[in-house]
$ cat upload-v3.tsv   # TSV, C-alpha atoms and all ligand atoms
chain	number	residue	atom	x	y	z
T	1	MET	CA	-11.09	59.16	-34.61
T	2	PRO	CA	-12.68	62.34	-36.06
T	3	TYR	CA	-10.65	63.15	-39.14
T	4	LEU	CA	-12.46	66.29	-40.24
T	5	ALA	CA	-11.62	69.54	-38.51
T	6	ARG	CA	-14.27	71.19	-36.35
T	7	ARG	CA	-14.37	74.13	-38.74
T	8	ILE	CA	-15.82	71.69	-41.26
T	9	THR	CA	-18.11	69.66	-39.06
T	10	GLU	CA	-19.46	72.68	-37.16
T	11	THR	CA	-20.22	74.98	-40.10
T	12	SER	CA	-23.18	74.87	-42.41
T	13	GLY	CA	-21.14	74.73	-45.61
T	14	LYS	CA	-22.31	75.46	-49.09
T	15	ASN	CA	-25.97	74.83	-49.80
T	16	PHE	CA	-26.70	74.42	-53.48
T	17	GLY	CA	-30.49	74.83	-53.37
T	18	MET	CA	-32.35	74.06	-56.60
T	19	PHE	CA	-29.04	74.23	-58.45
T	20	GLY	CA	-27.93	70.95	-56.82
T	21	ARG	CA	-31.20	69.25	-57.68
T	22	ALA	CA	-31.22	70.55	-61.27
T	23	ALA	CA	-27.58	69.57	-61.83
T	24	ALA	CA	-28.36	66.00	-60.75
T	25	MET	CA	-31.46	65.84	-63.00
T	26	ALA	CA	-29.55	67.29	-65.95
T	27	ALA	CA	-26.78	64.71	-65.41
T	28	SER	CA	-29.34	61.94	-65.61
T	29	GLY	CA	-30.41	63.24	-69.03
T	30	ARG	CA	-33.56	65.29	-68.36
T	31	PRO	CA	-33.58	68.43	-70.54
T	32	LEU	CA	-34.14	71.49	-68.36
T	33	LEU	CA	-34.55	75.23	-68.85
T	34	ARG	CA	-32.22	76.45	-66.11
T	35	MET	CA	-33.06	79.87	-64.73
T	36	GLU	CA	-31.82	79.12	-61.21
T	37	VAL	CA	-28.12	79.62	-61.88
T	38	GLY	CA	-26.50	83.03	-62.29
T	39	MET	CA	-24.36	81.97	-65.21
T	40	PRO	CA	-24.09	84.37	-68.17
T	41	HIS	CA	-25.41	82.96	-71.44
T	42	ALA	CA	-23.10	85.05	-73.66
T	43	ASP	CA	-19.63	83.96	-74.73
T	44	THR	CA	-16.61	85.91	-73.45
T	45	PRO	CA	-15.92	88.74	-75.96
T	46	ALA	CA	-13.37	87.82	-78.65
T	47	HIS	CA	-10.83	90.58	-77.87
T	48	ILE	CA	-10.53	89.29	-74.30
T	49	LYS	CA	-9.91	85.73	-75.48
T	50	GLN	CA	-7.39	86.97	-78.05
T	51	ALA	CA	-5.39	88.97	-75.49
T	52	THR	CA	-5.22	85.85	-73.31
T	53	ILE	CA	-4.09	83.66	-76.21
T	54	ASP	CA	-1.46	86.27	-77.11
T	55	ALA	CA	-0.18	86.24	-73.52
T	56	LEU	CA	0.06	82.45	-73.56
T	57	ILE	CA	1.93	82.45	-76.86
T	58	ALA	CA	4.24	85.17	-75.55
T	59	GLY	CA	5.20	82.78	-72.75
T	60	LYS	CA	3.36	84.29	-69.80
T	61	VAL	CA	3.20	80.90	-68.18
T	62	HIS	CA	5.29	81.44	-65.07
T	63	TYR	CA	4.85	82.64	-61.51
T	64	SER	CA	3.86	86.28	-61.18
T	65	ASN	CA	3.54	88.91	-58.44
T	66	LEU	CA	1.43	87.72	-55.53
T	67	PRO	CA	-0.98	90.69	-55.56
T	68	GLY	CA	-1.25	90.54	-59.35
T	69	GLU	CA	0.53	91.65	-62.52
T	70	MET	CA	1.43	95.33	-62.27
T	71	HIS	CA	-0.17	96.21	-65.64
T	72	PHE	CA	-3.39	94.57	-64.47
T	73	ARG	CA	-3.40	96.54	-61.24
T	74	GLU	CA	-2.69	99.79	-63.12
T	75	ALA	CA	-5.62	99.09	-65.50
T	76	ALA	CA	-7.87	98.28	-62.52
T	77	ARG	CA	-6.69	101.43	-60.77
T	78	ASP	CA	-7.66	103.56	-63.74
T	79	LYS	CA	-11.09	101.90	-63.98
T	80	LEU	CA	-11.70	102.29	-60.24
T	81	ARG	CA	-10.95	106.00	-60.42
T	82	ARG	CA	-13.12	106.58	-63.51
T	83	LYS	CA	-16.04	104.36	-62.71
T	84	ASN	CA	-16.19	103.89	-58.96
T	85	GLY	CA	-14.75	107.11	-57.58
T	86	LEU	CA	-12.14	105.01	-55.76
T	87	ASP	CA	-8.84	106.84	-56.20
T	88	VAL	CA	-6.31	104.41	-54.76
T	89	PRO	CA	-2.69	103.50	-55.52
T	90	ALA	CA	-2.16	100.20	-57.34
T	91	ASP	CA	-0.63	98.65	-54.22
T	92	ARG	CA	-4.07	98.75	-52.59
T	93	ILE	CA	-5.46	96.43	-55.27
T	94	ILE	CA	-5.18	92.62	-55.13
T	95	VAL	CA	-6.17	90.33	-58.01
T	96	THR	CA	-8.34	87.39	-56.93
T	97	ASN	CA	-9.90	84.21	-58.28
T	98	GLY	CA	-13.26	85.82	-58.84
T	99	LEU	CA	-15.29	87.61	-56.23
T	100	THR	CA	-15.64	84.44	-54.18
T	101	HIS	CA	-11.93	84.44	-53.46
T	102	ALA	CA	-11.90	88.14	-52.58
T	103	SER	CA	-14.68	87.72	-50.03
T	104	TYR	CA	-13.06	84.56	-48.63
T	105	ALA	CA	-9.72	86.30	-48.18
T	106	ALA	CA	-11.28	89.38	-46.61
T	107	ILE	CA	-13.46	87.44	-44.20
T	108	MET	CA	-10.59	85.13	-43.23
T	109	ALA	CA	-8.30	88.09	-42.65
T	110	LEU	CA	-10.79	90.14	-40.65
T	111	ILE	CA	-13.11	87.84	-38.68
T	112	ASP	CA	-12.01	86.43	-35.34
T	113	ASP	CA	-13.73	83.69	-33.33
T	114	GLY	CA	-17.10	84.97	-32.18
T	115	ASP	CA	-17.09	88.14	-34.29
T	116	GLU	CA	-20.44	88.93	-35.83
T	117	ALA	CA	-21.02	89.80	-39.48
T	118	ILE	CA	-24.35	91.31	-40.51
T	119	LEU	CA	-25.84	90.18	-43.81
T	120	LEU	CA	-28.65	92.20	-45.32
T	121	GLU	CA	-31.42	89.71	-46.07
T	122	PRO	CA	-32.39	88.49	-48.65
T	123	TYR	CA	-28.69	87.71	-49.24
T	124	TYR	CA	-26.37	85.79	-51.50
T	125	PRO	CA	-25.97	82.69	-49.29
T	126	GLN	CA	-22.43	81.83	-50.35
T	127	HIS	CA	-21.04	84.50	-48.02
T	128	ILE	CA	-22.35	82.57	-45.00
T	129	GLY	CA	-19.96	79.63	-45.20
T	130	LYS	CA	-16.94	81.91	-45.27
T	131	ILE	CA	-17.99	83.75	-42.13
T	132	GLU	CA	-18.57	80.44	-40.34
T	133	LEU	CA	-15.29	78.93	-41.54
T	134	ALA	CA	-13.52	81.96	-40.09
T	135	GLY	CA	-15.19	81.26	-36.71
T	136	GLY	CA	-17.62	84.15	-37.01
T	137	LYS	CA	-21.33	84.36	-36.44
T	138	VAL	CA	-23.77	85.35	-39.19
T	139	VAL	CA	-26.39	87.87	-38.09
T	140	ARG	CA	-29.24	88.44	-40.52
T	141	ALA	CA	-30.87	91.85	-40.89
T	142	GLY	CA	-34.11	91.31	-42.78
T	143	LEU	CA	-35.19	94.05	-45.21
T	144	ASP	CA	-38.82	94.75	-45.96
T	145	ALA	CA	-40.43	93.30	-49.10
T	146	GLU	CA	-43.15	95.97	-48.96
T	147	ASN	CA	-40.43	98.64	-49.29
T	148	GLY	CA	-38.81	96.87	-52.24
T	149	PHE	CA	-36.07	95.48	-49.95
T	150	SER	CA	-34.55	98.95	-49.58
T	151	ILE	CA	-31.89	99.56	-46.93
T	152	ASP	CA	-33.50	100.55	-43.67
T	153	PRO	CA	-30.70	101.61	-41.27
T	154	GLY	CA	-33.03	101.10	-38.29
T	155	ARG	CA	-33.37	97.38	-39.07
T	156	ILE	CA	-29.59	97.06	-39.32
T	157	ALA	CA	-28.86	99.15	-36.22
T	158	ALA	CA	-31.11	96.79	-34.24
T	159	LYS	CA	-28.71	93.94	-35.04
T	160	ILE	CA	-25.50	95.67	-33.94
T	161	THR	CA	-23.90	94.34	-30.75
T	162	PRO	CA	-20.47	94.87	-29.17
T	163	ARG	CA	-19.29	91.81	-31.19
T	164	THR	CA	-20.34	93.21	-34.59
T	165	LYS	CA	-17.27	93.49	-36.81
T	166	MET	CA	-18.63	93.99	-40.29
T	167	ILE	CA	-21.57	94.45	-42.59
T	168	VAL	CA	-21.66	92.50	-45.85
T	169	LEU	CA	-23.26	94.55	-48.62
T	170	ILE	CA	-24.21	93.22	-52.06
T	171	ASN	CA	-24.83	96.10	-54.43
T	172	PRO	CA	-26.48	95.70	-56.95
T	173	CYS	CA	-28.26	93.06	-54.94
T	174	ASN	CA	-28.55	89.38	-55.73
T	175	PRO	CA	-31.35	88.24	-55.39
T	176	THR	CA	-33.58	91.33	-55.32
T	177	GLY	CA	-32.13	93.21	-58.31
T	178	ARG	CA	-32.08	96.40	-56.26
T	179	VAL	CA	-29.43	99.05	-56.95
T	180	TYR	CA	-29.03	100.98	-53.72
T	181	SER	CA	-29.39	104.76	-53.87
T	182	ARG	CA	-26.87	107.24	-52.52
T	183	ALA	CA	-29.21	108.00	-49.59
T	184	GLU	CA	-29.50	104.30	-48.69
T	185	LEU	CA	-25.72	103.85	-48.84
T	186	GLU	CA	-25.14	106.99	-46.81
T	187	GLY	CA	-27.45	105.59	-44.13
T	188	LEU	CA	-25.41	102.41	-44.03
T	189	ALA	CA	-22.11	104.31	-44.04
T	190	GLU	CA	-23.27	106.45	-41.13
T	191	LEU	CA	-23.96	103.29	-39.10
T	192	ALA	CA	-20.60	101.78	-40.01
T	193	ILE	CA	-18.73	104.93	-38.98
T	194	LYS	CA	-20.75	105.42	-35.78
T	195	HIS	CA	-20.17	101.83	-34.62
T	196	ASP	CA	-16.65	101.46	-36.09
T	197	LEU	CA	-17.63	98.61	-38.43
T	198	LEU	CA	-15.97	97.29	-41.57
T	199	VAL	CA	-17.92	96.90	-44.80
T	200	ILE	CA	-17.39	94.09	-47.30
T	201	SER	CA	-18.84	95.46	-50.52
T	202	ASP	CA	-19.65	92.83	-53.15
T	203	GLU	CA	-20.07	94.74	-56.41
T	204	VAL	CA	-20.00	91.81	-58.82
T	205	TYR	CA	-23.04	93.23	-60.70
T	206	GLU	CA	-21.76	96.83	-60.87
T	207	ASP	CA	-22.07	96.98	-64.67
T	208	ILE	CA	-25.44	95.34	-65.14
T	209	LEU	CA	-27.72	98.34	-64.69
T	210	PHE	CA	-30.99	99.27	-66.36
T	211	ASP	CA	-33.15	102.34	-66.94
T	212	GLY	CA	-30.41	104.82	-66.01
T	213	ALA	CA	-29.75	103.30	-62.57
T	214	GLU	CA	-26.47	104.56	-61.10
T	215	HIS	CA	-24.08	102.25	-59.28
T	216	ILE	CA	-22.39	103.87	-56.29
T	217	SER	CA	-19.45	102.24	-54.52
T	218	ILE	CA	-19.92	102.65	-50.78
T	219	GLY	CA	-16.14	102.81	-50.36
T	220	ALA	CA	-16.15	106.16	-52.19
T	221	LEU	CA	-18.46	107.82	-49.63
T	222	PRO	CA	-16.85	110.16	-47.07
T	223	GLY	CA	-15.23	108.30	-44.17
T	224	MET	CA	-15.57	104.86	-45.82
T	225	ASP	CA	-12.21	104.43	-47.55
T	226	GLU	CA	-10.52	103.27	-44.34
T	227	ARG	CA	-13.19	100.69	-43.48
T	228	THR	CA	-14.35	99.21	-46.78
T	229	ILE	CA	-13.06	96.29	-48.82
T	230	SER	CA	-14.61	96.81	-52.26
T	231	MET	CA	-14.80	93.75	-54.52
T	232	PHE	CA	-15.28	93.42	-58.25
T	233	ALA	CA	-15.07	90.64	-60.84
T	234	PHE	CA	-15.19	90.00	-64.59
T	235	THR	CA	-17.58	87.13	-63.98
T	236	LYS	CA	-20.94	88.67	-64.81
T	237	SER	CA	-20.00	91.84	-66.73
T	238	TYR	CA	-17.87	90.10	-69.38
T	239	ALA	CA	-19.31	86.57	-69.26
T	240	MET	CA	-16.10	85.28	-67.67
T	241	ASP	CA	-17.53	83.11	-64.89
T	242	GLY	CA	-15.31	80.15	-65.76
T	243	TRP	CA	-12.14	82.23	-65.90
T	244	ARG	CA	-12.13	82.97	-62.19
T	245	ILE	CA	-10.78	86.50	-62.00
T	246	GLY	CA	-11.70	89.55	-59.96
T	247	TYR	CA	-10.00	92.04	-57.66
T	248	MET	CA	-10.42	93.84	-54.39
T	249	VAL	CA	-9.50	97.27	-53.11
T	250	ALA	CA	-8.59	97.49	-49.46
T	251	PRO	CA	-7.30	100.09	-47.01
T	252	ALA	CA	-3.50	100.14	-46.76
T	253	TRP	CA	-3.66	98.69	-43.21
T	254	ALA	CA	-5.39	95.54	-44.52
T	255	ILE	CA	-3.24	94.70	-47.55
T	256	GLY	CA	-0.54	92.70	-45.71
T	257	GLY	CA	-3.18	90.65	-43.90
T	258	LEU	CA	-5.14	89.94	-47.08
T	259	LEU	CA	-1.97	88.84	-48.87
T	260	LYS	CA	-1.26	86.42	-46.03
T	261	ILE	CA	-4.46	84.64	-47.01
T	262	THR	CA	-4.19	84.87	-50.82
T	263	ALA	CA	-0.52	83.88	-50.85
T	264	ASN	CA	-1.35	80.82	-48.78
T	265	ASP	CA	-4.48	79.67	-50.58
T	266	VAL	CA	-3.77	80.25	-54.27
T	267	THR	CA	-0.30	81.87	-54.33
T	268	HIS	CA	-1.59	84.16	-57.07
T	269	VAL	CA	-4.08	84.29	-59.89
T	270	ASN	CA	-3.23	82.62	-63.22
T	271	THR	CA	-0.73	84.90	-64.96
T	272	PHE	CA	-1.92	84.91	-68.57
T	273	ILE	CA	-5.64	85.47	-67.87
T	274	GLN	CA	-4.69	88.79	-66.31
T	275	ASP	CA	-3.89	90.01	-69.85
T	276	GLY	CA	-7.42	89.04	-70.91
T	277	ALA	CA	-8.78	91.00	-67.95
T	278	VAL	CA	-6.71	94.05	-68.95
T	279	ALA	CA	-8.25	93.83	-72.43
T	280	ALA	CA	-11.71	93.80	-70.80
T	281	LEU	CA	-10.89	96.92	-68.76
T	282	THR	CA	-9.21	98.88	-71.53
T	283	GLY	CA	-11.15	97.67	-74.61
T	284	ASP	CA	-14.09	99.19	-76.44
T	285	PRO	CA	-16.77	100.05	-73.82
T	286	GLY	CA	-19.36	99.30	-76.51
T	287	VAL	CA	-18.72	95.58	-75.97
T	288	LEU	CA	-19.88	95.76	-72.36
T	289	ALA	CA	-22.80	98.01	-73.32
T	290	GLY	CA	-23.84	95.39	-75.90
T	291	LEU	CA	-23.82	92.59	-73.31
T	292	VAL	CA	-25.85	94.68	-70.87
T	293	ALA	CA	-28.33	95.59	-73.63
T	294	GLU	CA	-28.92	91.85	-74.19
T	295	ASP	CA	-29.59	91.40	-70.47
T	296	ARG	CA	-32.00	94.33	-70.51
T	297	GLN	CA	-33.94	92.87	-73.39
T	298	LYS	CA	-34.23	89.56	-71.56
T	299	ARG	CA	-35.25	91.32	-68.36
T	300	ASP	CA	-38.02	93.11	-70.25
T	301	ILE	CA	-39.36	89.83	-71.62
T	302	VAL	CA	-39.19	87.99	-68.29
T	303	VAL	CA	-40.67	90.71	-66.08
T	304	THR	CA	-43.43	91.53	-68.57
T	305	ARG	CA	-44.35	87.87	-68.88
T	306	LEU	CA	-44.15	87.17	-65.11
T	307	ASN	CA	-46.59	90.01	-64.48
T	308	GLN	CA	-49.07	88.34	-66.85
T	309	MET	CA	-49.05	85.10	-64.82
T	310	ALA	CA	-51.83	84.22	-62.37
T	311	GLY	CA	-50.82	84.95	-58.76
T	312	VAL	CA	-47.46	86.53	-59.70
T	313	ARG	CA	-46.38	90.13	-59.17
T	314	CYS	CA	-42.91	91.17	-60.20
T	315	ALA	CA	-41.07	94.43	-59.50
T	316	TRP	CA	-38.67	95.67	-62.17
T	317	PRO	CA	-35.05	94.96	-61.16
T	318	GLN	CA	-32.81	97.99	-61.68
T	319	GLY	CA	-29.74	95.81	-62.07
T	320	THR	CA	-28.29	92.24	-61.96
T	321	ILE	CA	-29.57	89.30	-64.01
T	322	TYR	CA	-32.41	88.36	-61.64
T	323	ALA	CA	-36.12	88.96	-61.32
T	324	PHE	CA	-37.55	88.34	-57.83
T	325	PRO	CA	-41.29	87.82	-58.34
T	326	ASP	CA	-43.71	87.78	-55.42
T	327	ILE	CA	-45.74	84.55	-55.49
T	328	ARG	CA	-47.54	84.92	-52.16
T	329	GLN	CA	-50.95	84.95	-53.86
T	330	THR	CA	-50.47	81.30	-54.83
T	331	GLY	CA	-50.56	80.34	-51.14
T	332	MET	CA	-47.60	77.96	-51.66
T	333	THR	CA	-44.15	78.16	-50.12
T	334	SER	CA	-41.43	79.19	-52.54
T	335	GLN	CA	-39.64	75.85	-52.15
T	336	ALA	CA	-42.77	73.78	-52.83
T	337	LEU	CA	-43.56	75.98	-55.81
T	338	ALA	CA	-40.02	75.76	-57.28
T	339	GLU	CA	-40.06	71.97	-56.89
T	340	LYS	CA	-43.50	71.58	-58.47
T	341	LEU	CA	-42.52	73.88	-61.33
T	342	LEU	CA	-39.41	71.80	-61.98
T	343	GLU	CA	-41.25	68.49	-61.85
T	344	GLU	CA	-44.12	69.58	-64.08
T	345	THR	CA	-42.39	71.85	-66.60
T	346	GLY	CA	-38.63	71.30	-66.51
T	347	VAL	CA	-38.12	75.01	-65.76
T	348	VAL	CA	-35.72	75.58	-62.86
T	349	VAL	CA	-35.90	78.68	-60.67
T	350	GLU	CA	-34.64	79.18	-57.11
T	351	ALA	CA	-36.92	79.41	-54.07
T	352	GLY	CA	-36.86	82.83	-52.40
T	353	SER	CA	-36.36	81.15	-49.01
T	354	PHE	CA	-32.89	80.06	-50.21
T	355	TYR	CA	-31.90	83.72	-49.69
T	356	GLY	CA	-33.12	83.76	-46.08
T	357	PRO	CA	-36.59	83.77	-44.49
T	358	THR	CA	-37.22	87.33	-45.74
T	359	GLY	CA	-37.05	85.95	-49.29
T	360	GLU	CA	-40.01	83.61	-48.63
T	361	GLY	CA	-42.97	84.34	-50.88
T	362	HIS	CA	-40.66	85.01	-53.83
T	363	LEU	CA	-38.83	83.12	-56.56
T	364	ARG	CA	-35.50	84.12	-58.05
T	365	VAL	CA	-35.61	83.87	-61.82
T	366	CYS	CA	-32.30	84.40	-63.65
T	367	PHE	CA	-32.87	85.98	-67.05
T	368	GLY	CA	-29.16	86.09	-67.90
T	369	SER	CA	-28.56	82.37	-68.26
T	370	LEU	CA	-30.61	81.42	-71.35
T	371	SER	CA	-31.04	82.48	-74.97
T	372	GLU	CA	-34.03	84.66	-75.76
T	373	SER	CA	-35.87	81.79	-77.44
T	374	ASP	CA	-35.35	79.50	-74.43
T	375	ILE	CA	-36.55	82.30	-72.17
T	376	THR	CA	-39.73	82.63	-74.21
T	377	GLU	CA	-40.26	78.87	-74.01
T	378	ALA	CA	-39.69	78.94	-70.22
T	379	MET	CA	-42.15	81.81	-69.80
T	380	ASP	CA	-44.77	79.97	-71.88
T	381	ARG	CA	-44.40	76.91	-69.66
T	382	MET	CA	-44.49	79.00	-66.47
T	383	GLN	CA	-47.60	80.88	-67.62
T	384	ARG	CA	-49.45	77.59	-68.23
T	385	PHE	CA	-48.19	76.26	-64.88
T	386	PHE	CA	-49.37	79.26	-62.84
T	387	GLY	CA	-52.68	79.27	-64.74
T	388	SER	CA	-53.25	75.65	-63.66
T	389	LEU	CA	-52.58	76.10	-59.92
T	401	LIG	C1	-23.58	88.46	-55.20
T	401	LIG	C2	-22.57	87.51	-55.77
T	401	LIG	N1	-21.31	87.55	-55.29
T	401	LIG	C3	-20.37	86.71	-55.76
T	401	LIG	C4	-20.65	85.81	-56.75
T	401	LIG	C5	-19.56	84.90	-57.20
T	401	LIG	O1	-18.74	85.60	-58.08
T	401	LIG	P1	-17.44	84.88	-58.72
T	401	LIG	O2	-17.93	83.86	-59.68
T	401	LIG	O3	-16.71	86.03	-59.36
T	401	LIG	O4	-16.67	84.27	-57.62
T	401	LIG	C6	-21.93	85.73	-57.28
T	401	LIG	C7	-22.26	84.72	-58.30
T	401	LIG	O5	-23.40	84.42	-58.56
T	401	LIG	C8	-22.92	86.61	-56.77
T	401	LIG	O6	-24.16	86.56	-57.22
$ encode --input "upload-v3.tsv" --output "C-alpha cells"
Amino acid sequence: MPYLARRITETSGKNFGMFGRAAAMAASGRPLLRMEVGMPHADTPAHIKQATIDALIAGKVHYSNLPGEMHFREAARDKLRRKNGLDVPADRIIVTNGLTHASYAAIMALIDDGDEAILLEPYYPQHIGKIELAGGKVVRAGLDAENGFSIDPGRIAAKITPRTKMIVLINPCNPTGRVYSRAELEGLAELAIKHDLLVISDEVYEDILFDGAEHISIGALPGMDERTISMFAFTKSYAMDGWRIGYMVAPAWAIGGLLKITANDVTHVNTFIQDGAVAALTGDPGVLAGLVAEDRQKRDIVVTRLNQMAGVRCAWPQGTIYAFPDIRQTGMTSQALAEKLLEETGVVVEAGSFYGPTGEGHLRVCFGSLSESDITEAMDRMQRFFGSL
C-alpha cells in the first residue's frame, strides 16, 4: 500500500546540492571552508537578543494573534512605508517563519492544480518544491549571462500561456547578486498587468546593497499593489537565520486566504521573538549599516581575488552575499568543478547549474558565511587550484 501522498512522490522536493555533500563531509570530521551556504557569519546584534530576552522574562510565552503581534505589524508597517514605498495598513501584513514560510503560504494559497509559475533563471531553487507541492507547474525563463542576467521582458513574455498565474521574482537576486533597476522592474510590472499575473516578490536581501545600488520593491510600482505579495525577512539583514522570522505584505483580497494556510501550518510565529524583530526594525540603523559594511569588505576581497584566478571572470554583485563567477574558460562543468574543488582543497562552493541550466558555466561563492581570515585562506586555496587546472 502506498503510504506517501502523491504530492510527495510526484514532486521533486528539496535538492540540497553541494550543501548536502558538504554537511555529510563535515559531520564525518573533515574541516571545510564552506562558501556554498547563504548563512550569515555575524552574530545577531545584542540589542535584538536583549529585547527578546526581556520579552521572555516579561512572560510573553503564550499564544498570540495569528497574523502577528500588533506592535510588530505596526513597526513593520512603518518600515515598509519608509523604506519600500509600500503604504499599507497593518492588517495587510502577516508575520511568518522566515521568508520560506511566506513564499510557501502564498504559493499554497494562490496556485491551483495545473497553474504555471514563471521563475526567472538562474533562480533560488527552494521556490520550486512549493509550486510543485501546490500542484503547479514551474516554468523557467532563462536570463542572459552576457547581459549580466538582467530582466528581459521578451524572454519572460515568451513563457506566458493561458495557465500562467504568477511570476516569482527574487530581488536582489540569489544567485546572481543583481539588484534590478526601476526600468527592469517596470518592464516586468507591465507584463504582469497586461496578462493579469500575480507577482511573488522575494526581497530577503533588500538591505544588502553595495556601491549605492537602490532596492526597489516591485509592489510599490503603479498598478502592482493589487497583484503583488512582497516578502521580507530578518534572516540575512540582521544575521537571524536561525530565528525564523519574516513577514509578507499582501493585497486585502488575499489576506484571509493566506491566513488559512499560516493558521493551519504554524498557528502563528513564536510570540517573544517578535519583540526582537521590533528591536531590529526600530533600533539604531547604524547596526545594520555596520553588518552590510562587513559584507561589502568581504565582497571586495572575494571578487578581487576571483578575478586574479586563471580561467575565472567575476562580475561585481550589487547586492546579496554571493559572487557568481564565470568559469567557462576552464572547460569544465560547474558541478565537476565544484566537486573537484571540494575534494582537493576543502573549499565548498555551489555549482551554477544548481540554479537552473542558465547558471551553468558559473559557481556561486557566498562571501557572507565566513570570517575575513577564512575567506582569505579559501581564496588562496582556490587560486592555487585554478592555477593547477
Ligand atoms: C532568495 C532567498 N529566499 C529565501 C531564502 C530563505 O529565507 P528564510 O531563511 O528567511 O526562510 C533564502 C535563503 O538563502 C534566499 O536566498
$ residues_near_ligand --input "upload-v3.tsv" --ligand "ligand LIG 401 (chain T)" --cutoff "9 Å" --atoms "all atoms listed in the file" --output "PyMOL selection string"
chain T and resi 37-39+96-103+123-127+169-175+202-205+232-236+240-246+320
$ atom_distance --input "upload-v3.tsv" --atom1 "atom CA of Glu74 of chain T" --atom2 "atom CA of Asn264 of chain T"
23.8 Å
$ closest_residue --input "upload-v3.tsv" --among "T:Ile128, T:Pro251, T:Ala289, T:Gly319" --to "Glu116 of chain T" --atoms "all atoms listed in the file"
T:Ile128
$ residues_around --input "upload-v3.tsv" --residues "Leu197 of chain T" --least-positions-apart "5" --cutoff "10 Å" --atoms "only C-alpha atoms" --output "list in words"
Ala117, Ile160, Thr164, Lys165, Met166, Ile167, Ala189, Leu191, Ala192, Met224, Arg227 and Thr228 of chain T
$ write_last_selection --input "upload-v3.tsv" --atoms "C-alpha atoms" --output "CSV table (one decimal), keeping the file's coordinate frame"
chain,number,residue,atom,x,y,z
T,117,ALA,CA,-21.0,89.8,-39.5
T,160,ILE,CA,-25.5,95.7,-33.9
T,164,THR,CA,-20.3,93.2,-34.6
T,165,LYS,CA,-17.3,93.5,-36.8
T,166,MET,CA,-18.6,94.0,-40.3
T,167,ILE,CA,-21.6,94.4,-42.6
T,189,ALA,CA,-22.1,104.3,-44.0
T,191,LEU,CA,-24.0,103.3,-39.1
T,192,ALA,CA,-20.6,101.8,-40.0
T,224,MET,CA,-15.6,104.9,-45.8
T,227,ARG,CA,-13.2,100.7,-43.5
T,228,THR,CA,-14.4,99.2,-46.8
$ closest_residue --input "upload-v3.tsv" --among "T:Gln297, T:Ser12, T:Thr267, T:Asn65" --to "Phe210 of chain T" --atoms "all atoms listed in the file"
T:Gln297
$ atom_distance --input "upload-v3.tsv" --atom1 "atom CA of Thr282 of chain T" --atom2 "atom CA of Val269 of chain T"
19.4 Å
$ decode --input "upload-v3.tsv" --residues "segment 122-136 of chain T" --atoms "N, CA and C atoms" --output "PDB file, in the first residue's frame"
ATOM      1  N   PRO T 122      18.887  32.306 -13.736  1.00  0.00           N
ATOM      2  CA  PRO T 122      19.079  31.462 -12.564  1.00  0.00           C
ATOM      3  C   PRO T 122      18.186  31.890 -11.390  1.00  0.00           C
ATOM      4  N   TYR T 123      17.725  30.863 -10.619  1.00  0.00           N
ATOM      5  CA  TYR T 123      16.759  31.098  -9.542  1.00  0.00           C
ATOM      6  C   TYR T 123      17.230  30.469  -8.247  1.00  0.00           C
ATOM      7  N   TYR T 124      16.547  30.848  -7.192  1.00  0.00           N
ATOM      8  CA  TYR T 124      16.741  30.217  -5.881  1.00  0.00           C
ATOM      9  C   TYR T 124      15.873  28.952  -5.899  1.00  0.00           C
ATOM     10  N   PRO T 125      16.475  27.763  -5.940  1.00  0.00           N
ATOM     11  CA  PRO T 125      15.701  26.557  -6.256  1.00  0.00           C
ATOM     12  C   PRO T 125      14.649  26.181  -5.213  1.00  0.00           C
ATOM     13  N   GLN T 126      14.754  26.698  -4.004  1.00  0.00           N
ATOM     14  CA  GLN T 126      13.805  26.285  -2.974  1.00  0.00           C
ATOM     15  C   GLN T 126      12.370  26.741  -3.252  1.00  0.00           C
ATOM     16  N   HIS T 127      12.174  27.634  -4.207  1.00  0.00           N
ATOM     17  CA  HIS T 127      10.787  28.003  -4.537  1.00  0.00           C
ATOM     18  C   HIS T 127      10.112  26.925  -5.392  1.00  0.00           C
ATOM     19  N   ILE T 128      10.897  26.063  -6.001  1.00  0.00           N
ATOM     20  CA  ILE T 128      10.324  25.069  -6.925  1.00  0.00           C
ATOM     21  C   ILE T 128       9.435  24.074  -6.194  1.00  0.00           C
ATOM     22  N   GLY T 129       9.943  23.532  -5.092  1.00  0.00           N
ATOM     23  CA  GLY T 129       9.198  22.500  -4.366  1.00  0.00           C
ATOM     24  C   GLY T 129       7.832  22.995  -3.920  1.00  0.00           C
ATOM     25  N   LYS T 130       7.757  24.234  -3.561  1.00  0.00           N
ATOM     26  CA  LYS T 130       6.477  24.779  -3.065  1.00  0.00           C
ATOM     27  C   LYS T 130       5.443  24.819  -4.192  1.00  0.00           C
ATOM     28  N   ILE T 131       5.912  25.245  -5.366  1.00  0.00           N
ATOM     29  CA  ILE T 131       4.996  25.332  -6.514  1.00  0.00           C
ATOM     30  C   ILE T 131       4.492  23.927  -6.852  1.00  0.00           C
ATOM     31  N   GLU T 132       5.405  22.956  -6.818  1.00  0.00           N
ATOM     32  CA  GLU T 132       5.006  21.578  -7.154  1.00  0.00           C
ATOM     33  C   GLU T 132       4.094  20.989  -6.076  1.00  0.00           C
ATOM     34  N   LEU T 133       4.395  21.255  -4.816  1.00  0.00           N
ATOM     35  CA  LEU T 133       3.531  20.739  -3.741  1.00  0.00           C
ATOM     36  C   LEU T 133       2.112  21.286  -3.874  1.00  0.00           C
ATOM     37  N   ALA T 134       2.005  22.512  -4.376  1.00  0.00           N
ATOM     38  CA  ALA T 134       0.682  23.122  -4.544  1.00  0.00           C
ATOM     39  C   ALA T 134      -0.032  22.587  -5.788  1.00  0.00           C
ATOM     40  N   GLY T 135       0.654  21.738  -6.577  1.00  0.00           N
ATOM     41  CA  GLY T 135       0.037  21.187  -7.793  1.00  0.00           C
ATOM     42  C   GLY T 135       0.330  22.019  -9.025  1.00  0.00           C
ATOM     43  N   GLY T 136       1.195  23.009  -8.877  1.00  0.00           N
ATOM     44  CA  GLY T 136       1.505  23.890 -10.006  1.00  0.00           C
ATOM     45  C   GLY T 136       2.653  23.379 -10.850  1.00  0.00           C
TER      46      GLY T 136
END
